[in-house]
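With PDB, C-alpha atoms (C1' of nucleotides) inside, this is upload-v2.pdb:
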ATOM      1  CA  MET A   1      13.347 -11.283 -13.457
ATOM      2  CA  ARG A   2      12.445 -11.192  -9.847
ATOM      3  CA  PRO A   3      10.661  -7.957  -9.072
ATOM      4  CA  PRO A   4      11.920  -6.013  -6.083
ATOM      5  CA  SER A   5       9.701  -5.712  -3.087
ATOM      6  CA  THR A   6       7.319  -2.789  -3.297
ATOM      7  CA  THR A   7       7.293  -2.473   0.475
ATOM      8  CA  LEU A   8       9.796  -2.803   3.264
ATOM      9  CA  THR A   9      11.391  -6.216   3.558
ATOM     10  CA  GLY A  10      11.877  -7.960   6.868
ATOM     11  CA  GLN A  11      15.217  -6.569   7.929
ATOM     12  CA  GLU A  12      14.537  -3.198   6.388
ATOM     13  CA  LEU A  13      11.456  -2.923   8.567
ATOM     14  CA  GLU A  14      13.444  -3.783  11.674
ATOM     15  CA  ILE A  15      15.774  -0.911  10.990
ATOM     16  CA  MET A  16      13.014   1.528  10.118
ATOM     17  CA  LYS A  17      11.224   0.698  13.356
ATOM     18  CA  ILE A  18      14.299   1.703  15.280
ATOM     19  CA  VAL A  19      14.748   4.940  13.374
ATOM     20  CA  TRP A  20      11.085   5.852  13.730
ATOM     21  CA  GLU A  21      11.320   5.170  17.413
ATOM     22  CA  ARG A  22      14.439   7.229  17.934
ATOM     23  CA  GLY A  23      13.644  10.071  15.596
ATOM     24  CA  SER A  24      17.128  10.082  14.189
ATOM     25  CA  SER A  25      19.954   7.622  14.408
ATOM     26  CA  THR A  26      23.486   6.972  13.419
ATOM     27  CA  VAL A  27      24.437   3.592  12.085
ATOM     28  CA  ARG A  28      26.017   2.831  15.413
ATOM     29  CA  GLU A  29      22.881   3.547  17.353
ATOM     30  CA  VAL A  30      20.802   1.309  15.158
ATOM     31  CA  TYR A  31      23.516  -1.310  15.340
ATOM     32  CA  GLU A  32      23.587  -1.262  19.137
ATOM     33  CA  THR A  33      19.826  -1.543  19.311
ATOM     34  CA  MET A  34      19.770  -4.464  16.921
ATOM     35  CA  LEU A  35      22.494  -6.213  18.887
ATOM     36  CA  GLU A  36      20.142  -6.435  21.818
ATOM     37  CA  ARG A  37      18.022  -8.791  19.773
ATOM     38  CA  ARG A  38      20.456 -10.677  17.584
ATOM     39  CA  LYS A  39      24.005 -10.918  16.365
ATOM     40  CA  VAL A  40      24.706  -8.658  13.435
ATOM     41  CA  ALA A  41      27.737  -6.904  11.951
ATOM     42  CA  TYR A  42      28.095  -3.155  12.026
ATOM     43  CA  THR A  43      28.710  -3.051   8.297
ATOM     44  CA  THR A  44      25.590  -5.073   7.673
ATOM     45  CA  VAL A  45      23.500  -2.420   9.324
ATOM     46  CA  MET A  46      25.345   0.232   7.377
ATOM     47  CA  THR A  47      24.702  -1.483   4.091
ATOM     48  CA  MET A  48      21.022  -1.888   4.867
ATOM     49  CA  MET A  49      20.694   1.752   5.806
ATOM     50  CA  LYS A  50      22.386   2.798   2.601
ATOM     51  CA  ILE A  51      19.907   0.725   0.667
ATOM     52  CA  LEU A  52      17.063   2.276   2.629
ATOM     53  CA  GLU A  53      18.409   5.658   1.691
ATOM     54  CA  GLN A  54      18.491   4.703  -1.979
ATOM     55  CA  LYS A  55      14.935   3.479  -1.662
ATOM     56  CA  LYS A  56      13.947   6.818  -0.188
ATOM     57  CA  TYR A  57      12.956   5.484   3.195
ATOM     58  CA  LEU A  58      15.819   7.265   4.926
ATOM     59  CA  LYS A  59      17.490  10.627   4.516
ATOM     60  CA  LYS A  60      21.001  11.219   5.734
ATOM     61  CA  THR A  61      22.770  14.321   6.898
ATOM     62  CA  GLN A  62      26.384  14.642   7.785
ATOM     63  CA  VAL A  63      26.993  15.491  11.409
ATOM     64  CA  GLU A  64      30.633  15.640  12.421
ATOM     65  CA  ARG A  65      32.161  12.509  11.046
ATOM     66  CA  ALA A  66      29.055  10.391  11.013
ATOM     67  CA  HIS A  67      25.952  10.151   8.936
ATOM     68  CA  VAL A  68      22.772  10.793  10.820
ATOM     69  CA  TYR A  69      19.738   9.159   9.355
ATOM     70  CA  ARG A  70      16.138  10.192   9.661
ATOM     71  CA  ALA A  71      12.981   8.685   8.237
ATOM     72  CA  ALA A  72      12.078  10.162   4.876
ATOM     73  CA  GLN A  73       8.489   9.033   5.171
ATOM     74  CA  PRO A  74       6.182   8.935   8.162
ATOM     75  CA  LYS A  75       5.672   5.583   9.808
ATOM     76  CA  GLY A  76       1.923   5.607   9.339
ATOM     77  CA  LYS A  77       2.230   6.055   5.616
ATOM     78  CA  VAL A  78       4.763   3.286   5.169
ATOM     79  CA  ILE A  79       2.998   0.818   7.429
ATOM     80  CA  GLY A  80      -0.264   1.703   5.757
ATOM     81  CA  ALA A  81       1.244   0.810   2.402
ATOM     82  CA  MET A  82       2.396  -2.504   3.845
ATOM     83  CA  VAL A  83      -1.068  -3.235   5.134
ATOM     84  CA  ARG A  84      -2.580  -2.399   1.798
ATOM     85  CA  GLU A  85      -0.087  -4.544  -0.054
ATOM     86  CA  PHE A  86      -0.807  -7.434   2.286
ATOM     87  CA  VAL A  87      -4.540  -7.106   1.926
ATOM     88  CA  ASN A  88      -4.200  -6.956  -1.831
ATOM     89  CA  ARG A  89      -1.895  -9.909  -2.056
ATOM     90  CA  VAL A  90      -3.535 -12.198   0.422
ATOM     91  CA  PHE A  91      -7.176 -11.150   0.364
ATOM     92  CA  ASN A  92      -7.469  -9.695  -3.107
ATOM     93  CA  GLY A  93      -8.004  -6.276  -1.684
ATOM     94  CA  SER A  94     -10.863  -6.820   0.704
ATOM     95  CA  ALA A  95     -10.132  -6.172   4.329
ATOM     96  CA  GLU A  96     -13.114  -7.901   5.802
ATOM     97  CA  PRO A  97     -11.820 -11.488   5.557
ATOM     98  CA  LEU A  98      -8.659 -10.320   7.260
ATOM     99  CA  LEU A  99     -10.752  -9.022  10.085
ATOM    100  CA  VAL A 100     -12.562 -12.318  10.350
ATOM    101  CA  HIS A 101      -9.239 -14.058  10.715
ATOM    102  CA  LEU A 102      -8.105 -11.726  13.449
ATOM    103  CA  VAL A 103     -11.281 -12.257  15.377
ATOM    104  CA  GLU A 104     -11.399 -16.001  14.914
ATOM    105  CA  GLU A 105      -7.902 -16.417  16.154
ATOM    106  CA  GLY A 106      -8.717 -14.435  19.220
ATOM    107  CA  ASP A 107      -6.346 -11.637  18.450
ATOM    108  CA  LEU A 108      -9.201  -9.195  18.721
ATOM    109  CA  THR A 109     -11.936  -9.149  21.285
ATOM    110  CA  ARG A 110     -15.412  -7.833  20.816
ATOM    111  CA  GLU A 111     -14.377  -4.938  22.993
ATOM    112  CA  ASP A 112     -11.571  -4.050  20.623
ATOM    113  CA  LEU A 113     -13.983  -3.987  17.753
ATOM    114  CA  GLU A 114     -16.469  -1.801  19.527
ATOM    115  CA  GLU A 115     -13.788   0.567  20.602
ATOM    116  CA  ILE A 116     -12.563   0.941  17.071
ATOM    117  CA  ALA A 117     -16.105   1.318  15.828
ATOM    118  CA  ARG A 118     -16.486   4.289  18.147
ATOM    119  CA  LEU A 119     -13.345   5.782  16.689
ATOM    120  CA  ARG A 120     -14.880   5.499  13.296
ATOM    121  CA  LYS A 121     -18.036   7.185  14.554
ATOM    122  CA  PRO A 122     -16.588   9.999  16.672
ATOM    123  CA  GLY A 123     -19.886  11.182  18.109
ATOM    124  CA  ARG A 124     -22.966  10.720  16.086
ATOM    125  CA  HIS A 125     -23.055  10.082  12.312
ATOM    126  CA  THR A 126     -20.976   7.789  10.114
TER
ATOM    127  CA  MET B   1      22.455 -16.973   5.606
ATOM    128  CA  ARG B   2      19.172 -15.723   4.377
ATOM    129  CA  PRO B   3      16.408 -17.570   6.168
ATOM    130  CA  PRO B   4      13.680 -19.050   4.007
ATOM    131  CA  SER B   5      10.220 -17.619   4.229
ATOM    132  CA  THR B   6       8.147 -19.203   6.977
ATOM    133  CA  THR B   7       4.969 -18.525   5.052
ATOM    134  CA  LEU B   8       3.882 -18.629   1.440
ATOM    135  CA  THR B   9       5.777 -16.281  -0.825
ATOM    136  CA  GLY B  10       4.056 -14.152  -3.441
ATOM    137  CA  GLN B  11       3.992 -16.536  -6.360
ATOM    138  CA  GLU B  12       3.465 -19.544  -4.144
ATOM    139  CA  LEU B  13       0.353 -17.925  -2.786
ATOM    140  CA  GLU B  14      -0.957 -17.256  -6.281
ATOM    141  CA  ILE B  15      -0.708 -20.931  -7.064
ATOM    142  CA  MET B  16      -2.200 -22.055  -3.782
ATOM    143  CA  LYS B  17      -5.174 -19.783  -4.292
ATOM    144  CA  ILE B  18      -5.899 -21.504  -7.573
ATOM    145  CA  VAL B  19      -5.588 -24.969  -6.099
ATOM    146  CA  TRP B  20      -7.763 -24.107  -3.111
ATOM    147  CA  GLU B  21     -10.341 -22.689  -5.480
ATOM    148  CA  ARG B  22     -10.371 -25.702  -7.764
ATOM    149  CA  GLY B  23     -10.051 -28.403  -5.139
ATOM    150  CA  SER B  24      -7.504 -30.272  -7.197
ATOM    151  CA  SER B  25      -5.453 -29.304 -10.195
ATOM    152  CA  THR B  26      -2.937 -30.494 -12.660
ATOM    153  CA  VAL B  27      -0.008 -28.284 -13.526
ATOM    154  CA  ARG B  28      -1.706 -27.491 -16.796
ATOM    155  CA  GLU B  29      -4.871 -26.288 -15.141
ATOM    156  CA  VAL B  30      -2.984 -23.981 -12.827
ATOM    157  CA  TYR B  31      -0.885 -22.846 -15.754
ATOM    158  CA  GLU B  32      -3.934 -21.974 -17.845
ATOM    159  CA  THR B  33      -5.474 -20.055 -14.989
ATOM    160  CA  MET B  34      -2.315 -18.092 -14.360
ATOM    161  CA  LEU B  35      -2.018 -17.267 -18.043
ATOM    162  CA  GLU B  36      -5.248 -15.333 -17.791
ATOM    163  CA  ARG B  37      -3.430 -12.886 -15.568
ATOM    164  CA  ARG B  38       0.126 -12.848 -16.818
ATOM    165  CA  LYS B  39       2.673 -14.484 -19.071
ATOM    166  CA  VAL B  40       4.341 -17.470 -17.475
ATOM    167  CA  ALA B  41       6.011 -20.641 -18.691
ATOM    168  CA  TYR B  42       4.473 -24.034 -18.090
ATOM    169  CA  THR B  43       7.672 -25.306 -16.543
ATOM    170  CA  THR B  44       7.769 -22.363 -14.197
ATOM    171  CA  VAL B  45       4.437 -23.363 -12.768
ATOM    172  CA  MET B  46       5.613 -26.935 -12.525
ATOM    173  CA  THR B  47       8.732 -25.979 -10.633
ATOM    174  CA  MET B  48       6.771 -23.871  -8.217
ATOM    175  CA  MET B  49       4.302 -26.639  -7.566
ATOM    176  CA  LYS B  50       7.105 -29.085  -6.956
ATOM    177  CA  ILE B  51       8.555 -26.690  -4.399
ATOM    178  CA  LEU B  52       5.143 -26.312  -2.810
ATOM    179  CA  GLU B  53       4.989 -30.062  -2.551
ATOM    180  CA  GLN B  54       8.373 -30.179  -0.856
ATOM    181  CA  LYS B  55       7.204 -27.511   1.536
ATOM    182  CA  LYS B  56       4.155 -29.625   2.328
ATOM    183  CA  TYR B  57       1.628 -27.191   0.980
ATOM    184  CA  LEU B  58       0.633 -29.541  -1.823
ATOM    185  CA  LYS B  59       0.173 -33.271  -2.120
ATOM    186  CA  LYS B  60       0.391 -35.022  -5.442
ATOM    187  CA  THR B  61      -1.169 -38.174  -6.736
ATOM    188  CA  GLN B  62      -0.510 -39.794 -10.038
ATOM    189  CA  VAL B  63      -3.542 -39.908 -12.302
ATOM    190  CA  GLU B  64      -2.916 -41.335 -15.742
ATOM    191  CA  ARG B  65       0.176 -39.602 -16.992
ATOM    192  CA  ALA B  66      -0.167 -36.446 -14.987
ATOM    193  CA  HIS B  67       0.315 -35.431 -11.400
ATOM    194  CA  VAL B  68      -2.788 -34.143  -9.729
ATOM    195  CA  TYR B  69      -2.142 -31.791  -6.891
ATOM    196  CA  ARG B  70      -4.318 -31.050  -3.908
ATOM    197  CA  ALA B  71      -3.800 -28.740  -0.974
ATOM    198  CA  ALA B  72      -2.107 -30.447   1.929
ATOM    199  CA  GLN B  73      -3.330 -27.863   4.401
ATOM    200  CA  PRO B  74      -6.641 -26.028   4.607
ATOM    201  CA  LYS B  75      -6.706 -22.511   3.291
ATOM    202  CA  GLY B  76      -7.863 -21.021   6.559
ATOM    203  CA  LYS B  77      -4.945 -22.469   8.445
ATOM    204  CA  VAL B  78      -2.344 -21.267   5.976
ATOM    205  CA  ILE B  79      -3.818 -17.809   5.540
ATOM    206  CA  GLY B  80      -4.176 -17.580   9.297
ATOM    207  CA  ALA B  81      -0.489 -18.268   9.679
ATOM    208  CA  MET B  82       0.268 -15.558   7.168
ATOM    209  CA  VAL B  83      -1.865 -13.102   9.064
ATOM    210  CA  ARG B  84      -0.157 -14.000  12.295
ATOM    211  CA  GLU B  85       3.278 -13.682  10.762
ATOM    212  CA  PHE B  86       2.353 -10.285   9.358
ATOM    213  CA  VAL B  87       0.973  -9.026  12.637
ATOM    214  CA  ASN B  88       4.066 -10.245  14.431
ATOM    215  CA  ARG B  89       6.492  -8.749  11.978
ATOM    216  CA  VAL B  90       4.811  -5.429  11.375
ATOM    217  CA  PHE B  91       2.913  -4.780  14.587
ATOM    218  CA  ASN B  92       4.956  -6.761  17.075
ATOM    219  CA  GLY B  93       2.105  -9.145  17.580
ATOM    220  CA  SER B  94      -0.742  -6.865  18.458
ATOM    221  CA  ALA B  95      -3.635  -6.852  16.070
ATOM    222  CA  GLU B  96      -5.302  -3.709  17.227
ATOM    223  CA  PRO B  97      -3.023  -1.218  15.450
ATOM    224  CA  LEU B  98      -3.598  -3.171  12.273
ATOM    225  CA  LEU B  99      -7.285  -2.712  12.743
ATOM    226  CA  VAL B 100      -6.819   0.989  13.235
ATOM    227  CA  HIS B 101      -4.999   1.159   9.936
ATOM    228  CA  LEU B 102      -7.741  -0.672   8.131
ATOM    229  CA  VAL B 103     -10.352   1.629   9.508
ATOM    230  CA  GLU B 104      -8.422   4.809   8.934
ATOM    231  CA  GLU B 105      -7.787   3.989   5.347
ATOM    232  CA  GLY B 106     -11.451   3.363   4.849
ATOM    233  CA  ASP B 107     -11.060  -0.282   4.034
ATOM    234  CA  LEU B 108     -13.509  -1.113   6.771
ATOM    235  CA  THR B 109     -16.721   0.634   7.583
ATOM    236  CA  ARG B 110     -18.357   0.870  10.945
ATOM    237  CA  GLU B 111     -20.927  -1.563   9.630
ATOM    238  CA  ASP B 112     -18.225  -4.125   8.906
ATOM    239  CA  LEU B 113     -16.957  -3.829  12.439
ATOM    240  CA  GLU B 114     -20.358  -4.215  13.992
ATOM    241  CA  GLU B 115     -21.151  -7.165  11.832
ATOM    242  CA  ILE B 116     -17.976  -8.882  12.873
ATOM    243  CA  ALA B 117     -18.603  -7.981  16.480
ATOM    244  CA  ARG B 118     -21.902  -9.827  16.244
ATOM    245  CA  LEU B 119     -20.104 -12.845  14.874
ATOM    246  CA  ARG B 120     -17.912 -12.781  17.908
ATOM    247  CA  LYS B 121     -20.973 -12.655  20.133
ATOM    248  CA  PRO B 122     -23.212 -15.260  18.509
ATOM    249  CA  GLY B 123     -26.307 -14.643  20.638
ATOM    250  CA  ARG B 124     -25.905 -13.297  24.110
ATOM    251  CA  HIS B 125     -22.721 -13.482  26.201
ATOM    252  CA  THR B 126     -19.096 -12.906  25.263
TER
ATOM    253  C1'  DT C   1      53.776  12.076  17.014
ATOM    254  C1'  DG C   2      52.371   7.533  16.610
ATOM    255  C1'  DT C   3      48.679   4.473  17.578
ATOM    256  C1'  DT C   4      44.217   3.250  18.601
ATOM    257  C1'  DT C   5      39.321   4.198  17.456
ATOM    258  C1'  DA C   6      35.318   4.981  14.888
ATOM    259  C1'  DG C   7      33.547   6.116  10.761
ATOM    260  C1'  DT C   8      32.562   5.260   5.619
ATOM    261  C1'  DA C   9      33.364   3.203   0.959
ATOM    262  C1'  DC C  10      33.963  -0.576  -1.698
ATOM    263  C1'  DT C  11      33.606  -5.288  -2.635
ATOM    264  C1'  DA C  12      31.813  -9.635  -2.408
ATOM    265  C1'  DA C  13      29.597 -13.990  -1.027
ATOM    266  C1'  DT C  14      25.487 -16.568   0.003
ATOM    267  C1'  DT C  15      20.770 -17.923  -0.334
ATOM    268  C1'  DA C  16      15.891 -17.885  -1.364
ATOM    269  C1'  DA C  17      12.760 -16.780  -4.884
ATOM    270  C1'  DT C  18      11.626 -16.775  -9.447
ATOM    271  C1'  DT C  19      11.803 -18.020 -14.080
ATOM    272  C1'  DA C  20      12.480 -21.007 -17.739
ATOM    273  C1'  DG C  21      15.189 -24.086 -21.099
ATOM    274  C1'  DT C  22      16.384 -28.775 -22.556
ATOM    275  C1'  DA C  23      15.978 -33.688 -22.405
ATOM    276  C1'  DT C  24      13.192 -37.524 -22.296
ATOM    277  C1'  DG C  25       9.271 -40.648 -22.299
ATOM    278  C1'  DC C  26       4.822 -42.219 -23.527
ATOM    279  C1'  DG C  27       0.417 -42.412 -25.521
ATOM    280  C1'  DA C  28      -2.424 -40.934 -29.445
ATOM    281  C1'  DC C  29      -3.133 -40.324 -34.077
ATOM    282  C1'  DC C  30      -2.112 -40.620 -39.076
TER
ATOM    283  C1'  DG D   1       5.632 -47.452 -37.224
ATOM    284  C1'  DG D   2       6.644 -42.589 -37.129
ATOM    285  C1'  DT D   3       5.559 -38.223 -35.426
ATOM    286  C1'  DC D   4       3.198 -35.020 -32.539
ATOM    287  C1'  DG D   5       1.542 -33.440 -28.143
ATOM    288  C1'  DC D   6       1.876 -33.273 -23.465
ATOM    289  C1'  DA D   7       3.748 -34.829 -19.317
ATOM    290  C1'  DT D   8       7.783 -34.850 -16.040
ATOM    291  C1'  DA D   9      12.802 -34.573 -14.684
ATOM    292  C1'  DC D  10      16.783 -32.202 -14.646
ATOM    293  C1'  DT D  11      19.437 -28.196 -15.022
ATOM    294  C1'  DA D  12      20.424 -23.559 -14.833
ATOM    295  C1'  DA D  13      20.273 -18.499 -14.874
ATOM    296  C1'  DT D  14      18.903 -14.218 -12.772
ATOM    297  C1'  DT D  15      17.864 -11.098  -9.122
ATOM    298  C1'  DA D  16      16.664  -9.251  -4.650
ATOM    299  C1'  DA D  17      17.761  -9.751   0.032
ATOM    300  C1'  DT D  18      20.956 -10.397   3.413
ATOM    301  C1'  DT D  19      25.294 -10.580   5.486
ATOM    302  C1'  DA D  20      29.823  -9.162   6.207
ATOM    303  C1'  DG D  21      34.932  -8.504   5.158
ATOM    304  C1'  DT D  22      38.687  -5.316   3.862
ATOM    305  C1'  DA D  23      40.617  -0.917   2.919
ATOM    306  C1'  DC D  24      40.985   3.669   3.876
ATOM    307  C1'  DT D  25      40.479   8.041   6.565
ATOM    308  C1'  DA D  26      40.362  11.124  10.173
ATOM    309  C1'  DA D  27      39.849  12.107  14.904
ATOM    310  C1'  DA D  28      41.238  11.206  19.569
ATOM    311  C1'  DC D  29      44.543  10.306  22.748
ATOM    312  C1'  DA D  30      48.586   8.687  25.179
TER
END
Please render this file's structure as structure tokens.
Amino acid sequence: MRPPSTTLTGQELEIMKIVWERGSSTVREVYETMLERRKVAYTTVMTMMKILEQKKYLKKTQVERAHVYRAAQPKGKVIGAMVREFVNRVFNGSAEPLLVHLVEEGDLTREDLEEIARLRKPGRHT
Amino acid sequence: MRPPSTTLTGQELEIMKIVWERGSSTVREVYETMLERRKVAYTTVMTMMKILEQKKYLKKTQVERAHVYRAAQPKGKVIGAMVREFVNRVFNGSAEPLLVHLVEEGDLTREDLEEIARLRKPGRHT
DNA sequence: TGTTTAGTACTAATTAATTAGTATGCGACC
DNA sequence: GGTCGCATACTAATTAATTAGTACTAAACA
């Protein structure tokens, strides 16, 4: 009845961020990192990582006794999909109103915009 | 255990969009509009709108036999909060990487950026 | 060797989100 | 006046997301 999320959910993203950052991680390493921010059980992290593996966001390999997880998809691709999903859901697919929001709330300065515009136009043409 | 969403959830947003668009709406009007997109039960819409009222996104007034709902908060404010929450969650609060994504995926053209930059700089100074 | 340690597997509980059925009331219409 | 349509109230079921406990296993070590 309730459709599963098509992108990473909140806690899933937290874990993926850590794995992307570290390159590869055991459950324990992710667990320790998460503990720095909030209280969480080791098995909770393990369960989440197993789910992420089922969802094809993580790959695991056996190393000694432990599972070592690595990202199955590059960060840019996954985050990009999240951005697209957000733009679709909230702004019906058009990015420009999102940009207006960012600017109006002062999250972006004119300098930011111009810098990005240069990126888009590496030297001369469009 | 599982914290409630601090922003509008998917279906809640769908309903709010309709109410913002229409100014005010009965359950039936929202229901009819939603039916154009997908199958949904009248009572489902009603339940959602009641929840939205509890969450202070909608206000209701009795008109004749029916409840007439209006937005309790302006669209810009609510959407702005969603944008902020997204930027916080996905990009740790910095909007610039989001912008890079939008540009790289071709959702924004250089022209869009420059146009917005002008907005930010209404005539002369910063 | 026996015990502590660190790992996974399995199980399960809770909650928000989503969806919708059933009951009930009231006004309109025949 | 009876019935039909439309409104709400109340109830409930399902599922994804989140959290974590318990059992079991094997390595490490004293």
| Resolved residues for the PyMOL selection byres ((chain C and resi 14) around 9) as a count of residues only | 6
| Hits of the PyMOL selection byres ((chain B) within 8 of (chain C)) in this structure, as an NGL selection string | :B and (1-5 or 41 or 43-44)
| message | Expand the PyMOL selection byres ((chain A) within 7 of (chain B)) into the explicit residue set it covers here, and present it as a list in words. | response |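 Residues picked by the PyMOL selection byres ((chain A) within 7 of (chain B)): Gly80, Ala95, Glu96, Val100, His101, Asp107, Leu108, Arg110, Leu113, Ile116, Ala117 and Arg120 of chain A.
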Grab the residues selected above and save them as a compact mmCIF listing (two decimals), in the coordinates of the input with C-alpha atoms.
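Final output, out01.txt:
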# COMPACT_ATOMS: atom_id res chain seq x y z
CA GLY A 80 -0.26 1.70 5.76
CA ALA A 95 -10.13 -6.17 4.33
CA GLU A 96 -13.11 -7.90 5.80
CA VAL A 100 -12.56 -12.32 10.35
CA HIS A 101 -9.24 -14.06 10.72
CA ASP A 107 -6.35 -11.64 18.45
CA LEU A 108 -9.20 -9.20 18.72
CA ARG A 110 -15.41 -7.83 20.82
CA LEU A 113 -13.98 -3.99 17.75
CA ILE A 116 -12.56 0.94 17.07
CA ALA A 117 -16.10 1.32 15.83
CA ARG A 120 -14.88 5.50 13.30
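Among the candidates B:Met34, B:Glu12, B:Arg65, B:Thr7, the one nearest to chain D when counting all atoms listed in the file is B:Arg65.
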| said: For a quick test of understanding: name the residues of chain D lying within 9 Å of chain A when counting all atoms listed in the file, and present them as an MDAnalysis selection string. | reply: chainID D and resid 14:21 26:27
| task | Would you please work out which residue, of B:Met16, B:Leu35, B:Val27, B:Met49, is nearest to Pro74 in chain B when using all atoms listed in the file? | result |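 Of B:Met16, B:Leu35, B:Val27, B:Met49, the one nearest Pro74 in chain B is B:Met16, counting all atoms listed in the file.
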| request: Quote the spacing between CA of Tyr31 in chain A and CA of Val19 in chain A in Å to one decimal place. | output: 10.9 Å
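Atom to atom, CA of Met46 in chain B and CA of Leu58 in chain B stand 12.1 Å apart.
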| task | Rounded to one decimal place, report the CA of Gln62 in chain B-C1' of DA9 in chain D distance in Å. | result |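 Taking CA of Gln62 in chain B as the start and C1' of DA9 in chain D as the end point, the length is 15.0 Å.
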| field | Best match for closeness to Ala71 in chain A among A:Tyr57, A:Glu85, A:Glu21, A:Glu32, counting all atoms listed in the file | value |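 Among A:Tyr57, A:Glu85, A:Glu21, A:Glu32, it is A:Tyr57 that comes nearest to Ala71 in chain A.
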